[in-house]
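> See structure_19.txt below, with compact mmCIF, C-alpha atoms.
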```txt
# COMPACT_ATOMS: atom_id res chain seq x y z
CA MET A 1 106.74 61.93 87.39
CA GLY A 2 110.34 62.37 88.52
CA ALA A 3 112.63 61.98 85.54
CA GLU A 4 114.83 58.89 85.56
CA GLY A 5 117.91 59.54 87.61
CA ALA A 6 116.63 62.86 88.90
CA GLY A 7 117.35 63.53 92.55
CA PRO A 8 114.77 63.78 95.29
CA VAL A 9 111.96 66.30 95.17
CA GLY A 10 112.96 69.60 96.77
CA VAL A 11 110.86 71.23 99.47
CA VAL A 12 110.68 74.96 100.24
CA LEU A 13 109.00 76.20 103.42
CA VAL A 14 107.71 79.74 103.11
CA SER A 15 106.72 81.48 106.33
CA HIS A 16 106.27 85.07 107.45
CA SER A 17 108.89 84.32 110.05
CA ALA A 18 112.45 83.16 109.38
CA ALA A 19 112.44 81.35 112.73
CA VAL A 20 109.23 79.47 111.96
CA ALA A 21 110.42 78.40 108.50
CA ALA A 22 113.79 77.25 109.87
CA ALA A 23 112.25 75.40 112.81
CA VAL A 24 109.69 73.61 110.65
CA ALA A 25 112.45 72.58 108.24
CA GLU A 26 114.45 71.22 111.18
CA LEU A 27 111.42 69.38 112.56
CA ALA A 28 110.55 67.83 109.21
CA LEU A 29 114.11 66.71 108.55
CA GLY A 30 114.37 65.36 112.08
CA LEU A 31 111.25 63.26 111.63
CA ALA A 32 112.16 62.11 108.13
CA GLY A 33 114.84 59.84 109.53
CA GLY A 34 116.29 57.09 107.34
CA GLY A 35 114.90 56.67 103.88
CA GLU A 36 117.31 57.47 101.09
CA GLY A 37 118.93 60.26 103.03
CA PRO A 38 117.64 63.75 103.65
CA PRO A 39 116.00 65.46 100.66
CA PRO A 40 116.86 69.07 99.91
CA VAL A 41 114.72 71.20 102.20
CA LEU A 42 115.17 74.93 102.66
CA PRO A 43 113.35 77.57 104.65
CA ALA A 44 112.36 80.87 103.01
CA GLY A 45 111.11 82.87 105.94
CA GLY A 46 110.63 86.54 106.62
CA THR A 47 112.12 89.42 104.70
CA PRO A 48 115.78 89.73 103.68
CA ASP A 49 116.38 92.26 106.49
CA GLY A 50 115.14 89.77 109.08
CA GLY A 51 111.65 91.20 109.57
CA LEU A 52 108.29 89.46 109.36
CA GLY A 53 106.90 89.17 105.86
CA THR A 54 107.49 87.43 102.56
CA SER A 55 110.40 87.76 100.19
CA SER A 56 110.10 86.63 96.60
CA GLU A 57 113.88 86.82 96.45
CA LEU A 58 114.37 84.32 99.29
CA ILE A 59 111.66 82.05 97.86
CA GLY A 60 113.22 82.07 94.38
CA ALA A 61 116.72 81.43 95.74
CA ALA A 62 115.54 78.56 97.96
CA ALA A 63 113.54 76.94 95.15
CA ARG A 64 116.50 77.06 92.76
CA ALA A 65 118.80 75.67 95.46
CA VAL A 66 116.62 72.62 96.23
CA ASP A 67 115.86 71.81 92.59
CA ARG A 68 117.44 68.45 91.70
CA GLY A 69 115.40 68.00 88.54
CA ALA A 70 112.49 66.12 90.15
CA GLY A 71 110.42 69.14 90.99
CA VAL A 72 110.00 71.51 93.91
CA ALA A 73 107.12 71.49 96.39
CA LEU A 74 106.47 74.83 98.09
CA LEU A 75 104.50 75.05 101.32
CA ALA A 76 103.39 78.43 102.63
CA ASP A 77 101.84 79.57 105.88
CA LEU A 78 99.59 82.64 105.58
CA GLY A 79 98.32 85.44 103.36
CA SER A 80 101.24 87.06 101.61
CA ALA A 81 103.34 83.89 101.74
CA VAL A 82 100.67 82.04 99.77
CA LEU A 83 99.95 84.97 97.46
CA THR A 84 103.61 85.59 96.70
CA VAL A 85 104.23 81.96 95.73
CA LYS A 86 101.13 82.03 93.52
CA ALA A 87 102.23 85.26 91.87
CA LEU A 88 105.72 83.86 91.27
CA LEU A 89 104.27 80.70 89.72
CA ALA A 90 102.10 82.84 87.44
CA GLU A 91 105.19 84.80 86.44
CA GLY A 92 106.57 81.71 84.74
CA ASP A 93 110.32 82.22 84.96
CA GLU A 94 110.86 83.10 88.61
CA LEU A 95 110.77 79.53 89.94
CA PRO A 96 112.18 76.26 88.55
CA GLY A 97 109.93 74.77 85.86
CA ASN A 98 108.48 71.95 87.91
CA SER A 99 107.52 73.97 91.00
CA ARG A 100 104.20 73.57 92.75
CA LEU A 101 102.43 75.31 95.60
CA VAL A 102 101.03 72.62 97.88
CA ASP A 103 97.63 73.06 99.48
CA ALA A 104 98.51 71.74 102.93
CA PRO A 105 98.76 72.69 106.60
CA PHE A 106 102.21 74.17 107.09
CA VAL A 107 103.78 72.04 109.83
CA GLU A 108 102.02 68.73 109.20
CA GLY A 109 102.29 69.18 105.45
CA ALA A 110 106.00 69.91 105.70
CA VAL A 111 106.63 66.74 107.67
CA ALA A 112 104.58 64.63 105.24
CA ALA A 113 106.29 66.22 102.22
CA VAL A 114 109.80 65.75 103.54
CA VAL A 115 109.19 62.17 104.70
CA THR A 116 107.73 61.30 101.29
CA ALA A 117 110.52 63.05 99.41
CA SER A 118 113.17 61.29 101.49
CA ALA A 119 111.51 57.95 100.71
CA GLY A 120 112.02 58.71 97.02
CA GLY A 121 108.45 59.80 96.19
CA ASP A 122 107.96 61.86 93.07
CA LEU A 123 106.42 65.34 93.05
CA ASP A 124 102.85 64.02 92.75
CA ALA A 125 103.40 61.73 95.74
CA VAL A 126 104.96 64.51 97.80
CA VAL A 127 102.11 66.90 97.01
CA ALA A 128 99.47 64.25 97.75
CA ALA A 129 101.07 63.29 101.07
CA ALA A 130 101.27 66.90 102.20
CA SER A 131 97.67 67.64 101.20
CA GLU A 132 96.46 64.52 102.97
CA ALA A 133 97.68 66.03 106.22
CA TYR A 134 94.45 68.06 106.15
CA SER A 135 92.42 64.89 106.71
CA TYR A 136 93.97 64.14 110.09
CA ARG A 137 91.43 65.54 112.56
CA LYS A 138 92.65 66.49 115.99
CA ALA A 139 89.38 66.81 117.78
CA MET B 1 89.07 113.22 68.95
CA THR B 2 90.07 110.49 71.33
CA GLU B 3 93.18 111.01 73.38
CA THR B 4 95.68 108.15 73.48
CA TYR B 5 98.33 107.43 76.08
CA GLY B 6 101.83 106.10 75.67
CA ALA B 7 104.45 104.53 77.92
CA GLU B 8 105.53 107.88 79.34
CA PHE B 9 101.99 108.61 80.55
CA LEU B 10 101.84 105.36 82.53
CA ALA B 11 105.32 105.96 83.90
CA ARG B 12 104.27 109.46 85.00
CA TRP B 13 101.21 107.96 86.68
CA LEU B 14 103.20 105.38 88.64
CA THR B 15 105.80 107.97 89.61
CA ALA B 16 103.02 110.25 90.87
CA ALA B 17 101.50 107.27 92.68
CA ALA B 18 104.86 106.65 94.37
CA GLU B 19 104.89 110.26 95.60
CA ASP B 20 101.31 109.98 96.87
CA VAL B 21 101.99 106.68 98.61
CA ASP B 22 105.08 108.21 100.20
CA ARG B 23 103.07 111.20 101.44
CA GLU B 24 100.19 109.04 102.71
CA ALA B 25 102.28 106.15 104.08
CA ASP B 26 101.64 107.04 107.71
CA ARG B 27 97.90 107.25 107.14
CA LEU B 28 97.88 103.85 105.41
CA THR B 29 99.86 102.35 108.25
CA ASP B 30 97.51 103.89 110.82
CA LEU B 31 94.53 102.33 109.05
CA ASP B 32 96.40 99.03 108.93
CA SER B 33 97.27 99.16 112.61
CA ALA B 34 93.55 99.22 113.41
CA ILE B 35 92.70 95.96 111.63
CA GLY B 36 95.92 94.63 110.12
CA ASP B 37 99.59 94.33 110.99
CA ALA B 38 100.55 97.99 110.59
CA ASP B 39 102.84 97.53 107.63
CA HIS B 40 100.76 98.61 104.63
CA GLY B 41 102.16 102.14 104.37
CA ALA B 42 105.80 101.17 104.78
CA ASN B 43 105.43 98.17 102.45
CA LEU B 44 103.79 100.12 99.64
CA LYS B 45 106.18 103.02 100.05
CA ARG B 46 109.13 100.68 99.57
CA GLY B 47 107.44 98.96 96.61
CA PHE B 48 106.41 102.07 94.73
CA ALA B 49 109.75 103.78 95.36
CA ALA B 50 111.37 100.77 93.67
CA VAL B 51 108.87 101.03 90.81
CA ALA B 52 109.59 104.74 90.26
CA GLU B 53 113.33 104.10 90.38
CA THR B 54 113.18 101.25 87.86
CA LEU B 55 110.96 103.22 85.46
CA ALA B 56 113.31 106.20 85.64
CA LYS B 57 116.41 104.10 85.09
CA GLU B 58 115.14 101.94 82.25
CA PRO B 59 111.95 103.40 80.82
CA PRO B 60 110.02 100.62 79.04
CA GLY B 61 108.81 101.44 75.54
CA THR B 62 105.14 100.52 75.65
CA PRO B 63 102.28 101.08 78.12
CA GLY B 64 102.01 97.32 78.62
CA ALA B 65 105.71 97.00 79.40
CA VAL B 66 105.53 99.83 81.93
CA LEU B 67 102.76 98.03 83.78
CA THR B 68 104.36 94.57 83.71
CA THR B 69 107.72 95.98 84.83
CA ALA B 70 106.05 97.84 87.69
CA GLY B 71 104.07 94.72 88.65
CA ARG B 72 107.20 92.63 88.83
CA GLN B 73 108.88 95.21 91.05
CA LEU B 74 105.94 95.26 93.45
CA ILE B 75 105.90 91.47 93.76
CA SER B 76 109.60 91.41 94.55
CA THR B 77 109.88 94.40 96.89
CA VAL B 78 106.70 94.91 98.91
CA GLY B 79 106.97 91.98 101.35
CA GLY B 80 103.28 91.93 102.32
CA ALA B 81 100.13 90.65 100.63
CA SER B 82 99.67 93.94 98.79
CA GLY B 83 102.84 93.14 96.77
CA PRO B 84 101.56 90.09 94.92
CA LEU B 85 98.07 91.63 94.73
CA TYR B 86 99.03 95.00 93.22
CA GLY B 87 101.79 93.27 91.29
CA THR B 88 99.24 90.95 89.73
CA LEU B 89 96.91 93.88 89.00
CA LEU B 90 99.58 95.74 87.04
CA ARG B 91 101.14 92.74 85.40
CA SER B 92 97.85 91.33 84.19
CA ALA B 93 96.75 94.77 82.97
CA GLY B 94 100.09 95.13 81.18
CA LYS B 95 99.75 91.73 79.53
CA ALA B 96 96.26 92.67 78.37
CA LEU B 97 97.71 95.72 76.60
CA GLY B 98 100.25 93.61 74.72
CA ASP B 99 102.67 95.55 72.50
CA GLU B 100 100.38 98.47 71.66
CA GLU B 101 102.34 101.72 71.43
CA ARG B 102 99.46 103.97 72.46
CA VAL B 103 96.15 103.12 74.07
CA GLY B 104 92.92 104.99 74.64
CA ARG B 105 91.19 105.32 77.99
CA GLU B 106 88.67 102.62 77.17
CA ARG B 107 91.46 100.22 76.31
CA LEU B 108 93.06 101.05 79.66
CA ALA B 109 89.74 100.38 81.35
CA GLU B 110 89.57 96.94 79.71
CA ALA B 111 93.12 96.16 80.76
CA PHE B 112 92.48 97.21 84.35
CA GLY B 113 89.32 95.12 84.26
CA ALA B 114 91.46 92.09 83.36
CA GLY B 115 93.92 93.03 86.10
CA VAL B 116 91.18 93.32 88.71
CA GLU B 117 89.83 89.90 87.73
CA ALA B 118 93.30 88.44 88.20
CA VAL B 119 93.52 90.02 91.66
CA ALA B 120 90.16 88.52 92.58
CA ARG B 121 91.32 85.09 91.43
CA LEU B 122 94.62 85.33 93.29
CA GLY B 123 93.12 86.43 96.59
CA GLY B 124 89.83 84.56 96.27
CA ALA B 125 87.97 87.69 97.36
CA GLN B 126 84.95 89.50 95.98
CA VAL B 127 83.34 92.89 96.35
CA GLY B 128 81.98 93.32 99.88
CA ASP B 129 84.79 91.36 101.57
CA LYS B 130 86.42 94.61 102.76
CA THR B 131 89.47 94.42 100.52
CA MET B 132 91.11 96.47 97.78
CA LEU B 133 88.57 94.98 95.37
CA ASP B 134 85.89 97.20 96.91
CA ALA B 135 87.70 100.14 95.35
CA LEU B 136 89.29 98.44 92.32
CA VAL B 137 86.19 96.84 90.83
CA PRO B 138 84.05 100.02 90.64
CA ALA B 139 87.08 102.07 89.59
CA ALA B 140 87.96 99.85 86.63
CA GLU B 141 84.31 99.87 85.62
CA ALA B 142 83.99 103.68 85.89
CA LEU B 143 87.19 104.20 83.91
CA ARG B 144 85.14 103.36 80.83
CA GLU B 145 83.41 106.66 81.46
CA SER B 146 86.26 108.96 82.55
CA PHE B 147 89.37 109.21 84.70
CA ALA B 148 87.49 111.45 87.11
CA ALA B 149 84.67 108.92 87.42
CA ALA B 150 87.21 106.18 88.18
CA ARG B 151 88.77 108.30 90.88
CA ALA B 152 85.36 109.04 92.44
CA ALA B 153 84.27 105.39 92.24
CA ALA B 154 87.47 104.20 93.92
CA GLU B 155 87.14 106.74 96.72
CA GLU B 156 83.48 105.89 97.20
CA GLY B 157 84.30 102.18 97.23
CA ALA B 158 87.04 102.68 99.82
CA LEU B 159 84.72 104.73 102.02
CA ALA B 160 82.04 102.05 101.71
CA THR B 161 84.40 99.52 103.35
CA VAL B 162 83.98 101.22 106.75
CA PRO B 163 80.79 99.39 107.81
CA LEU B 164 81.87 96.09 106.25
CA ARG B 165 83.08 93.05 108.12
CA ALA B 166 86.38 91.74 106.76
CA ARG B 167 86.24 88.32 105.14
CA LYS B 168 89.80 88.05 103.83
CA GLY B 169 93.28 88.53 105.18
CA ARG B 170 94.40 89.16 108.72
CA ALA B 171 91.51 91.55 109.38
CA SER B 172 89.06 88.66 108.91
CA TYR B 173 90.30 87.12 112.19
CA LEU B 174 88.85 90.16 113.94
CA GLY B 175 85.31 89.34 112.80
CA GLU B 176 82.86 91.99 113.98
CA ARG B 177 85.71 94.09 115.38
CA SER B 178 86.79 94.87 111.82
CA VAL B 179 83.55 96.83 111.36
CA GLY B 180 83.92 100.61 111.60
CA HIS B 181 87.40 100.77 110.09
CA ARG B 182 88.29 101.82 106.59
CA ASP B 183 90.15 99.12 104.70
CA PRO B 184 93.80 100.07 104.08
CA GLY B 185 94.01 98.19 100.77
CA ALA B 186 90.89 99.86 99.38
CA THR B 187 92.33 103.17 100.56
CA SER B 188 95.63 102.68 98.74
CA SER B 189 93.69 101.58 95.64
CA ALA B 190 91.79 104.86 95.78
CA LEU B 191 95.13 106.68 96.00
CA LEU B 192 96.31 104.96 92.83
CA PHE B 193 93.22 105.95 90.88
CA ALA B 194 93.43 109.51 92.24
CA ALA B 195 97.01 109.68 90.94
CA LEU B 196 95.82 108.35 87.57
CA ALA B 197 93.14 111.05 87.34
CA ASP B 198 95.67 113.74 88.31
CA THR B 199 98.11 112.52 85.67
CA ALA B 200 95.37 112.51 83.03
CA ALA B 201 94.27 116.00 84.04
CA GLU B 202 97.84 117.24 83.67
CA GLU B 203 97.86 115.68 80.24
CA GLY B 204 95.33 118.38 79.38
CA GLU B 205 92.40 116.19 78.65
CA GLU B 206 89.77 114.82 80.94
CA GLY B 207 87.73 112.47 78.84
```
Could you rewrite the structure in this file as structure tokens?

Amino acid sequence: MGAEGAGPVGVVLVSHSAAVAAAVAELALGLAGGGEGPPPVLPAGGTPDGGLGTSSELIGAAARAVDRGAGVALLADLGSAVLTVKALLAEGDELPGNSRLVDAPFVEGAVAAVVTASAGGDLDAVVAAASEAYSYRKA
Amino acid sequence: MTETYGAEFLARWLTAAAEDVDREADRLTDLDSAIGDADHGANLKRGFAAVAETLAKEPPGTPGAVLTTAGRQLISTVGGASGPLYGTLLRSAGKALGDEERVGRERLAEAFGAGVEAVARLGGAQVGDKTMLDALVPAAEALRESFAAARAAAEEGALATVPLRARKGRASYLGERSVGHRDPGATSSALLFAALADTAAEEGEEG
């Protein structure tokens, strides 16, 4: 669905912890490797004062910063992270127009999303790849 | 004659709620330290203080606008799950009221009913899951009858969460160990409806 000429899909990683969000972003980018170069990925972790929690401000800022016109995939870890993204999407004007909350496991989904985005996949492909991470059973 | 309520009534309510939340913040946090992550009091205190400040600085002109403005503030300042949940409650209730200048109690009850449904959709919870819905659902229903009935229903609902096992949120990880504790979210919901009843009583009518 990415518009012609639009840049890669942006990915925002929303965690209760700034360290978790940043580390998962680093991991995903590290594993994305070649492709068409790294897609815009930003962490939105914790509260603005560095505590554990969710900040709609950080989420909104990250989503606007990674938006290259091809859509933004948001992955969230737990409770308020998920609820805040949903509430912001329902708000209508808080996130870029083509933003989507992805139903995916946080770490595995982030890797799949970033790899797919760096390979030039559109928003549908990125969302599908991240969601598919649920189907990989570990035991 | 049926009493109607304007923007200033809803602003007075939310300002009173901010004072109550501030006074009860330690109690909410204590409840939350038993089965949650001990941040409910501090989070709500911050959120409602921001709501009261915004309403004082730029008072919206309609009841609906007061609620949607307050909802937005809660979503952006609370930092825990109660932010998007209470934010959604108020915003959806505000949207349901539209541009009406003054609304009756039954209209408010309808709007809160819509808000409560939106909260249930957002969190995927239902009555009996040991969440704020255990207080909000009966309160919105009882508001059709009176403000006092809504207050009583919310308090009763919050108290009824004690024997329940949590099925949503962090407390659900505790399983059986969540039994025997009063749910912090249902408790803060009861506070909000108590503040609403107080504000209505001050208005001089209890209908």
> Considering all atoms listed in the file, state which residue in the set A:Val66, A:Val111, A:Ala130, A:Ile59 is at the smallest distance from chain B.
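For chain B, the nearest of the given residues is A:Ile59.
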> With the cut-off set at 9 Å and counting all atoms listed in the file, tabulate each residue of chain A with an atom at most that distance from an atom of chain B, showing the nearest atom pair and its distance in Å to one decimal, ordered by chain and increasing number, as a tab-separated table.

```
residue	atom	partner	partner_atom	distance
A:Gly46	CA	B:Gly79	CA	8.4
A:Thr47	CA	B:Gly79	CA	6.7
A:Leu52	CA	B:Gly79	CA	8.5
A:Gly53	CA	B:Gly79	CA	5.3
A:Thr54	CA	B:Gly79	CA	4.7
A:Ser55	CA	B:Gly79	CA	5.6
A:Ser56	CA	B:Ser76	CA	5.2
A:Glu57	CA	B:Ser76	CA	6.6
A:Leu78	CA	B:Gly169	CA	8.6
A:Gly79	CA	B:Ala81	CA	6.2
A:Ser80	CA	B:Ala81	CA	3.9
A:Ala81	CA	B:Ala81	CA	7.6
A:Val82	CA	B:Ala81	CA	8.7
A:Leu83	CA	B:Pro84	CA	5.9
A:Thr84	CA	B:Pro84	CA	5.3
A:Val85	CA	B:Pro84	CA	8.6
A:Lys86	CA	B:Leu122	CA	7.3
A:Ala87	CA	B:Pro84	CA	5.8
A:Leu88	CA	B:Ile75	CA	8.0
A:Ala90	CA	B:Thr88	CA	8.9
A:Glu91	CA	B:Arg72	CA	8.4
```
> Rounded to one decimal place, report the CA of Asp32 (chain B)-CA of Ala19 (chain A) distance in Å.
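These two atoms are separated by 24.2 Å.
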> Could you check which of A:Arg100, A:Gly7, A:Gly30, A:Ala128 is closest to Ala113 (chain A), using only C-alpha atoms?
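Among the listed residues, A:Ala128 lies closest to Ala113 (chain A).
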> Measuring between all atoms listed in the file, which one of A:Ser17, A:Ala70, A:Ala25, A:Gly33 shows the shortest distance to Gly45 (chain A)?
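Smallest distance to Gly45 (chain A) is found for A:Ser17.
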> If we count only C-alpha atoms, what is near region 11-13 of chain A at a cut-off of 7 Å, once residues fewer than 6 positions away on the same chain are taken out, given as a VMD selection string?
chain A and resid 21 25 40 to 44 62 to 63 66 72 to 76 114
> Can those selected residues be exported to a file as a short mmCIF file (atom, residue, chain, number, x, y, z; two decimals), in the frame of the given file so that it contains C-alpha atoms?

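Result went into again.cif, see below:
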```cif
data_model
loop_
_atom_site.label_atom_id
_atom_site.label_comp_id
_atom_site.auth_asym_id
_atom_site.auth_seq_id
_atom_site.Cartn_x
_atom_site.Cartn_y
_atom_site.Cartn_z
CA ALA A 21 110.42 78.40 108.50
CA ALA A 25 112.45 72.58 108.24
CA PRO A 40 116.86 69.07 99.91
CA VAL A 41 114.72 71.20 102.20
CA LEU A 42 115.17 74.93 102.66
CA PRO A 43 113.35 77.57 104.65
CA ALA A 44 112.36 80.87 103.01
CA ALA A 62 115.54 78.56 97.96
CA ALA A 63 113.54 76.94 95.15
CA VAL A 66 116.62 72.62 96.23
CA VAL A 72 110.00 71.51 93.91
CA ALA A 73 107.12 71.49 96.39
CA LEU A 74 106.47 74.83 98.09
CA LEU A 75 104.50 75.05 101.32
CA ALA A 76 103.39 78.43 102.63
CA VAL A 114 109.80 65.75 103.54
#
```
> Which residues, written as a list in words, have at least one atom at most 9 Å from Trp13 (chain B), with all atoms listed in the file counted and residues fewer than 5 positions away on the same chain left out?
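Those residues are Glu8, Ala18, Leu192, Ala195, Leu196, Ala197, Asp198, Thr199 and Ala200 of chain B.
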> When you draw a straight line from CA of Ala7 (chain B) to CA of Glu145 (chain B), how long is it in Å?
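A separation of 21.4 Å between them.
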> Which polymer residues have any atom within 12 Å of an atom of region 120-124 of chain A, counting all atoms listed in the file, with same-chain residues fewer than 4 positions away left out, as JSON, numbers by chain?
{"A": [1, 2, 3, 4, 5, 6, 7, 8, 9, 10, 11, 32, 34, 35, 36, 37, 38, 39, 40, 67, 68, 69, 70, 71, 72, 73, 74, 98, 99, 100, 101, 102, 112, 113, 114, 115, 116, 128, 129, 130, 131]}
> Please provide as JSON, numbers by chain all residues within 12 Å of region 93-109 of chain B, with the sequence filter that same-chain residues fewer than 6 positions apart are discarded (counting only C-alpha atoms).
{"A": [91], "B": [1, 2, 3, 4, 5, 6, 7, 8, 9, 10, 60, 61, 62, 63, 64, 65, 66, 67, 68, 69, 70, 71, 72, 86, 87, 115, 116, 117, 118, 119, 136, 137, 138, 139, 140, 141, 142, 143, 144, 145, 146, 147, 148, 149, 150, 193, 196, 197, 200, 205, 206, 207]}
> Please, what distance in Å, to one decimal, runs between CA of Ala171 (chain B) and CA of Ile35 (chain B)?
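Interatomic distance, CA of Ala171 (chain B) to CA of Ile35 (chain B): 5.1 Å.
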> Counting all atoms listed in the file, figure out which residue out of B:Ala34, B:Ala42, B:Leu159, B:Leu191 gets nearest to Ser178 (chain B).
B:Ala34
> Could you tell me which of A:Leu27, A:Ala125, A:Ala139, A:Ala65 comes closest to Ala110 (chain A) if we count only C-alpha atoms?
A:Leu27
